[in-house]
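Asker: As input, take upload.tsv (TSV, C-alpha atoms):
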chain	number	residue	atom	x	y	z
A	191	MET	CA	80.45	95.07	79.72
A	192	VAL	CA	84.13	94.21	79.87
A	193	ARG	CA	86.49	96.97	80.98
A	194	ILE	CA	90.11	96.83	79.89
A	195	GLY	CA	92.79	97.96	82.29
A	196	ALA	CA	96.48	98.29	82.99
A	197	HIS	CA	98.82	97.76	85.93
A	198	GLU	CA	100.79	100.98	86.37
A	199	ARG	CA	104.19	100.88	88.08
A	200	GLU	CA	105.80	104.29	87.47
A	201	GLY	CA	103.78	106.67	89.66
A	202	ASP	CA	101.44	108.16	87.03
A	203	PRO	CA	98.26	106.09	86.97
A	204	LEU	CA	96.18	108.71	85.16
A	205	GLY	CA	98.88	109.24	82.54
A	206	VAL	CA	99.11	105.51	81.88
A	207	ALA	CA	95.33	105.16	81.72
A	208	LYS	CA	95.11	107.99	79.19
A	209	SER	CA	98.03	106.83	77.06
A	210	THR	CA	96.81	103.22	76.89
A	211	GLY	CA	93.10	103.87	76.76
A	212	ALA	CA	92.65	101.84	79.96
A	213	GLU	CA	89.29	102.13	81.67
A	214	VAL	CA	90.63	100.51	84.82
A	215	ILE	CA	93.99	101.07	86.46
A	216	GLN	CA	95.79	99.13	89.17
A	217	PHE	CA	98.76	100.69	90.94
A	218	PHE	CA	100.84	100.62	94.10
A	219	LEU	CA	100.79	103.26	96.80
A	220	GLY	CA	104.54	103.23	97.29
A	221	ASP	CA	107.33	100.73	96.82
A	222	PRO	CA	105.84	97.30	95.99
A	223	GLN	CA	108.75	95.67	97.85
A	224	GLY	CA	108.71	98.09	100.80
A	225	TRP	CA	107.21	98.33	104.26
A	226	ASP	CA	106.64	102.08	104.43
A	227	ALA	CA	103.21	103.62	104.94
A	228	PRO	CA	101.31	104.28	101.70
A	229	THR	CA	102.11	107.32	99.58
A	230	PHE	CA	100.02	108.84	96.82
A	231	PRO	CA	101.11	109.51	93.24
A	232	GLY	CA	101.24	113.30	93.01
A	233	GLY	CA	101.18	113.56	96.82
A	234	ASP	CA	97.46	114.25	97.29
A	235	ALA	CA	94.92	111.43	97.57
A	236	GLY	CA	91.92	113.73	97.04
A	237	LYS	CA	93.29	115.28	93.85
A	238	LEU	CA	94.24	111.89	92.47
A	239	ARG	CA	90.80	110.50	93.31
A	240	ALA	CA	89.08	113.45	91.60
A	241	ALA	CA	91.28	113.26	88.49
A	242	LEU	CA	90.73	109.52	88.04
A	243	SER	CA	87.01	109.90	88.66
A	244	ASP	CA	86.72	112.79	86.22
A	245	ALA	CA	88.49	110.66	83.60
A	246	GLY	CA	86.06	107.78	84.23
A	247	VAL	CA	88.86	105.43	85.29
A	248	ASP	CA	88.11	102.74	87.86
A	249	VAL	CA	90.87	102.18	90.40
A	250	PHE	CA	92.30	99.14	92.14
A	251	VAL	CA	95.29	99.35	94.43
A	252	HIS	CA	97.79	96.51	94.77
A	253	ALA	CA	99.26	96.05	98.24
A	254	PRO	CA	103.01	95.56	98.66
A	255	TYR	CA	104.16	92.05	97.87
A	256	GLY	CA	105.75	91.44	101.28
A	257	ILE	CA	102.49	91.54	103.21
A	258	ASN	CA	101.96	88.11	104.74
A	259	VAL	CA	99.22	87.98	107.35
A	260	ALA	CA	99.32	84.16	107.18
A	261	SER	CA	102.82	83.95	108.66
A	262	ALA	CA	103.34	82.24	112.00
A	263	ASN	CA	106.23	84.65	112.63
A	264	ASN	CA	105.01	87.64	114.68
A	265	ARG	CA	107.75	89.85	113.20
A	266	ILE	CA	106.19	89.32	109.77
A	267	ARG	CA	102.49	88.84	110.56
A	268	ILE	CA	101.94	91.84	112.87
A	269	PRO	CA	103.65	94.45	110.61
A	270	SER	CA	101.83	92.84	107.67
A	271	ARG	CA	98.48	93.30	109.38
A	272	LYS	CA	99.32	96.95	110.17
A	273	LEU	CA	100.45	97.71	106.62
A	274	LEU	CA	97.42	95.93	105.15
A	275	SER	CA	95.18	98.11	107.30
A	276	GLN	CA	97.00	101.27	106.16
A	277	GLN	CA	96.75	100.17	102.53
A	278	LEU	CA	93.00	99.61	102.83
A	279	VAL	CA	92.45	103.11	104.23
A	280	ALA	CA	94.71	104.65	101.57
A	281	ALA	CA	92.96	102.72	98.80
A	282	ALA	CA	89.64	104.15	100.00
A	283	ALA	CA	91.16	107.64	99.96
A	284	VAL	CA	91.92	107.36	96.23
A	285	GLY	CA	88.49	105.93	95.47
A	286	ALA	CA	89.64	102.38	94.81
A	287	LYS	CA	87.06	99.71	94.17
A	288	GLY	CA	89.29	97.24	96.01
A	289	LEU	CA	92.71	96.39	97.39
A	290	VAL	CA	94.55	93.43	95.85
A	291	VAL	CA	96.82	91.45	98.19
A	292	HIS	CA	98.54	88.10	97.81
A	293	GLY	CA	97.53	85.20	100.05
A	294	GLY	CA	100.94	84.73	101.64
A	295	HIS	CA	102.62	81.60	102.95
A	296	VAL	CA	103.51	79.75	106.09
A	297	THR	CA	107.04	78.43	106.47
A	298	GLY	CA	107.92	74.78	106.18
A	299	GLY	CA	107.11	72.80	109.28
A	300	VAL	CA	104.13	75.04	110.19
A	301	ASP	CA	100.70	73.49	109.71
A	302	GLN	CA	98.90	75.40	106.98
A	303	ARG	CA	95.82	75.55	109.20
A	304	GLU	CA	97.71	78.11	111.28
A	305	GLY	CA	98.08	80.33	108.21
A	306	TYR	CA	94.38	80.13	107.42
A	307	ASP	CA	93.57	80.87	111.06
A	308	ASN	CA	95.89	83.89	110.93
A	309	TRP	CA	94.02	85.11	107.85
A	310	ARG	CA	90.73	84.77	109.72
A	311	LYS	CA	92.09	86.76	112.67
A	312	ALA	CA	93.39	89.48	110.36
A	313	VAL	CA	90.09	89.85	108.54
A	314	GLU	CA	88.21	89.92	111.85
A	315	ARG	CA	90.42	92.71	113.20
A	316	ILE	CA	91.03	94.95	110.22
A	317	GLU	CA	88.49	97.53	109.12
A	318	ARG	CA	87.92	97.17	105.39
A	319	PRO	CA	86.61	100.41	103.86
A	320	VAL	CA	87.06	98.86	100.39
A	321	PRO	CA	86.80	95.21	99.36
A	322	LEU	CA	89.87	93.11	100.07
A	323	LEU	CA	90.70	91.09	96.96
A	324	ILE	CA	93.02	88.17	97.64
A	325	GLU	CA	95.04	87.29	94.56
A	326	ASN	CA	96.17	83.76	93.92
A	327	THR	CA	99.83	83.07	94.51
A	328	ALA	CA	101.99	82.19	91.51
A	329	GLY	CA	104.51	80.03	93.33
A	330	GLY	CA	106.13	78.93	96.50
A	331	ASP	CA	105.53	76.17	98.97
A	332	HIS	CA	102.93	76.36	101.74
A	333	ALA	CA	100.95	79.11	99.97
A	334	MET	CA	97.53	80.12	101.25
A	335	ALA	CA	96.13	80.88	97.79
A	336	ARG	CA	97.92	78.64	95.31
A	337	GLY	CA	95.64	76.20	93.59
A	338	VAL	CA	91.95	75.52	93.89
A	339	ASP	CA	92.19	73.48	97.10
A	340	ALA	CA	94.19	76.16	98.93
A	341	ILE	CA	91.83	78.90	97.77
A	342	ALA	CA	88.87	76.81	98.95
A	343	ARG	CA	90.47	76.42	102.41
A	344	LEU	CA	91.13	80.17	102.56
A	345	TRP	CA	87.52	80.85	101.61
A	346	GLU	CA	86.36	78.47	104.36
A	347	ALA	CA	88.42	80.50	106.86
A	348	ILE	CA	87.32	83.99	105.82
A	349	GLY	CA	84.33	83.68	103.52
A	350	ASP	CA	81.89	84.55	106.31
A	351	PHE	CA	83.43	88.04	106.39
A	352	ALA	CA	82.93	88.68	102.65
A	353	ALA	CA	79.80	90.81	103.06
A	354	GLU	CA	81.27	93.00	105.81
Kindly return the structure encoded in the file as structure tokens.
Answerer:
Amino acid sequence: MVRIGAHEREGDPLGVAKSTGAEVIQFFLGDPQGWDAPTFPGGDAGKLRAALSDAGVDVFVHAPYGINVASANNRIRIPSRKLLSQQLVAAAAVGAKGLVVHGGHVTGGVDQREGYDNWRKAVERIERPVPLLIENTAGGDHAMARGVDAIARLWEAIGDFAAE
């Protein structure tokens, strides 16, 4: 059975689900461009989880766009790994079926193998209480998940961790 959903951006996932008839809702836990710890629409993860569950709405959380665990730059990669971990825990708190994150990039001049290796290290180190769903990247050079070949290389790096 196909379930139809919506991507909510205004802080009222249940309201959007009800008004659109969505059976699935995807939303951010804070500013999609920010680096702050996750926050919950309405302020209470448990209440939000119960309300969405009672309404029969499946939940997916989208991580902030800036997360880039592939980066060779420690000032980007390490905070990205920390925020990704926080987002995974927060997604579990609202009953999400998964956390969506973009694959990230390495900068020009850095071998892409380093980015895939950084992904492997991140997945090894981060507890994942909900599935981590890596979304393909729409654009940019040196992307870890743009195009079939890049996605295949990413899968080679982290696919062994899929069942964990």
Asker: Go through A:Ala280, A:Leu238, A:Val251, A:Val290 and flag the residue nearest Leu323 in chain A, using all atoms listed in the file for the distances.
Answerer: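 Comparing A:Ala280, A:Leu238, A:Val251, A:Val290 against Leu323 in chain A, the winner is A:Val290.
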Asker: Take CA of Ile215 in chain A and CA of Ala196 in chain A and report the distance between them in Å, one decimal.
Answerer: 5.1 Å
Asker: With distances taken over only C-alpha atoms, which residue among A:Ala235, A:Val247, A:Ala227, A:Leu273 lies nearest Gly195 in chain A?
Answerer: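 Among the listed residues, the smallest separation from Gly195 in chain A belongs to A:Val247.
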Asker: Find the residues near Gly220 in chain A: any atom within 10 Å, counting only C-alpha atoms, skip ones fewer than 4 places away on the same chain, and give them as a PDB file with C-alpha atoms, keeping the file's coordinate frame.
Answerer:
ATOM      1  CA  ARG A 199     104.190 100.880  88.080  1.00  0.00           C
ATOM      2  CA  GLU A 200     105.800 104.290  87.470  1.00  0.00           C
ATOM      3  CA  GLY A 201     103.780 106.670  89.660  1.00  0.00           C
ATOM      4  CA  GLY A 224     108.710  98.090 100.800  1.00  0.00           C
ATOM      5  CA  TRP A 225     107.210  98.330 104.260  1.00  0.00           C
ATOM      6  CA  ASP A 226     106.640 102.080 104.430  1.00  0.00           C
ATOM      7  CA  ALA A 227     103.210 103.620 104.940  1.00  0.00           C
ATOM      8  CA  PRO A 228     101.310 104.280 101.700  1.00  0.00           C
ATOM      9  CA  THR A 229     102.110 107.320  99.580  1.00  0.00           C
ATOM     10  CA  PHE A 230     100.020 108.840  96.820  1.00  0.00           C
ATOM     11  CA  PRO A 231     101.110 109.510  93.240  1.00  0.00           C
ATOM     12  CA  HIS A 252      97.790  96.510  94.770  1.00  0.00           C
ATOM     13  CA  ALA A 253      99.260  96.050  98.240  1.00  0.00           C
ATOM     14  CA  PRO A 254     103.010  95.560  98.660  1.00  0.00           C
ATOM     15  CA  GLN A 277      96.750 100.170 102.530  1.00  0.00           C
TER      16      GLN A 277
END
Asker: Grab the CA of Gly305 in chain A to CA of Asn326 in chain A distance for me, in Å with one decimal place.
Answerer: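 Distance reported for this atom pair: 14.8 Å.
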Asker: Determine, using all atoms listed in the file, which residues of range 235-329 of chain A have any atom at most 12 Å from an atom of range 207-210 of chain A, and tabulate each with its shortest atom pair and distance in Å to one decimal place, rows ordered by chain and then rising number, as a Markdown table.
Answerer:
| residue | atom | partner | partner_atom | distance |
| --- | --- | --- | --- | --- |
| A:Ala241 | CA | A:Ala207 | CA | 11.3 |
| A:Leu242 | CA | A:Ala207 | CA | 9.0 |
| A:Ser243 | CA | A:Ala207 | CA | 11.8 |
| A:Asp244 | CA | A:Lys208 | CA | 12.0 |
| A:Ala245 | CA | A:Lys208 | CA | 8.4 |
| A:Gly246 | CA | A:Ala207 | CA | 10.0 |
| A:Val247 | CA | A:Ala207 | CA | 7.4 |
| A:Asp248 | CA | A:Ala207 | CA | 9.8 |
| A:Val249 | CA | A:Ala207 | CA | 10.2 |
Asker: Nearest to Arg336 in chain A: which of A:His295, A:Phe250, A:Arg318, A:Phe351 is it, counting all atoms listed in the file?
Answerer: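 Result for the nearest residue to Arg336 in chain A: A:His295.
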Asker: Which residues are near Arg271 in chain A? Cut-off 8 Å, all atoms listed in the file, ignore same chain within fewer than 6 positions. Put them as an MDAnalysis selection string.
Answerer: chainID A and resid 257:259 312 316
Asker: Can you tell me how far CA of Pro321 in chain A sits from CA of His292 in chain A, in Å to one decimal?
Answerer: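 Taking CA of Pro321 in chain A and CA of His292 in chain A, their separation equals 13.8 Å.
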Asker: So, counting all atoms listed in the file, which residue among A:Ser275, A:Ser261, A:Ser270, A:Gln223 is closest to Asp307 in chain A?
Answerer: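 Once distances to Asp307 in chain A are computed over all atoms listed in the file, the minimum belongs to A:Ser261.
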Asker: With distances taken over all atoms listed in the file, which residue among A:Val296, A:Leu344, A:Val313, A:Val279 lies nearest Asp331 in chain A?
Answerer: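 With all atoms listed in the file as the atom set, the closest residue is A:Val296.
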Asker: Let me have the centre and edge lengths in Å, one decimal, of the box along x, y and z around every listed atom of range 235-251 of chain A with 6 Å of margin on each side, as lines of an AutoDock Vina configuration file.
Answerer:
center_x = 90.7
center_y = 107.2
center_z = 90.6
size_x = 21.2
size_y = 28.1
size_z = 26.0
Asker: I'd like to know which of A:Val192, A:Ile324, A:Met334, A:Leu219 is closest to Gln276 in chain A, using all atoms listed in the file.
Answerer: A:Leu219
Asker: Excluding Leu278 in chain A and its own-chain neighbours fewer than 4 positions away, which residues fall within 7 Å of it when counting all atoms listed in the file? Please give them as a short mmCIF file (atom, residue, chain, number, x, y, z; two decimals) with C-alpha atoms, keeping the file's coordinate frame.
Answerer:
data_model
loop_
_atom_site.label_atom_id
_atom_site.label_comp_id
_atom_site.auth_asym_id
_atom_site.auth_seq_id
_atom_site.Cartn_x
_atom_site.Cartn_y
_atom_site.Cartn_z
CA LEU A 274 97.42 95.93 105.15
CA ALA A 282 89.64 104.15 100.00
CA LEU A 289 92.71 96.39 97.39
CA ARG A 318 87.92 97.17 105.39
CA PRO A 319 86.61 100.41 103.86
CA VAL A 320 87.06 98.86 100.39
#
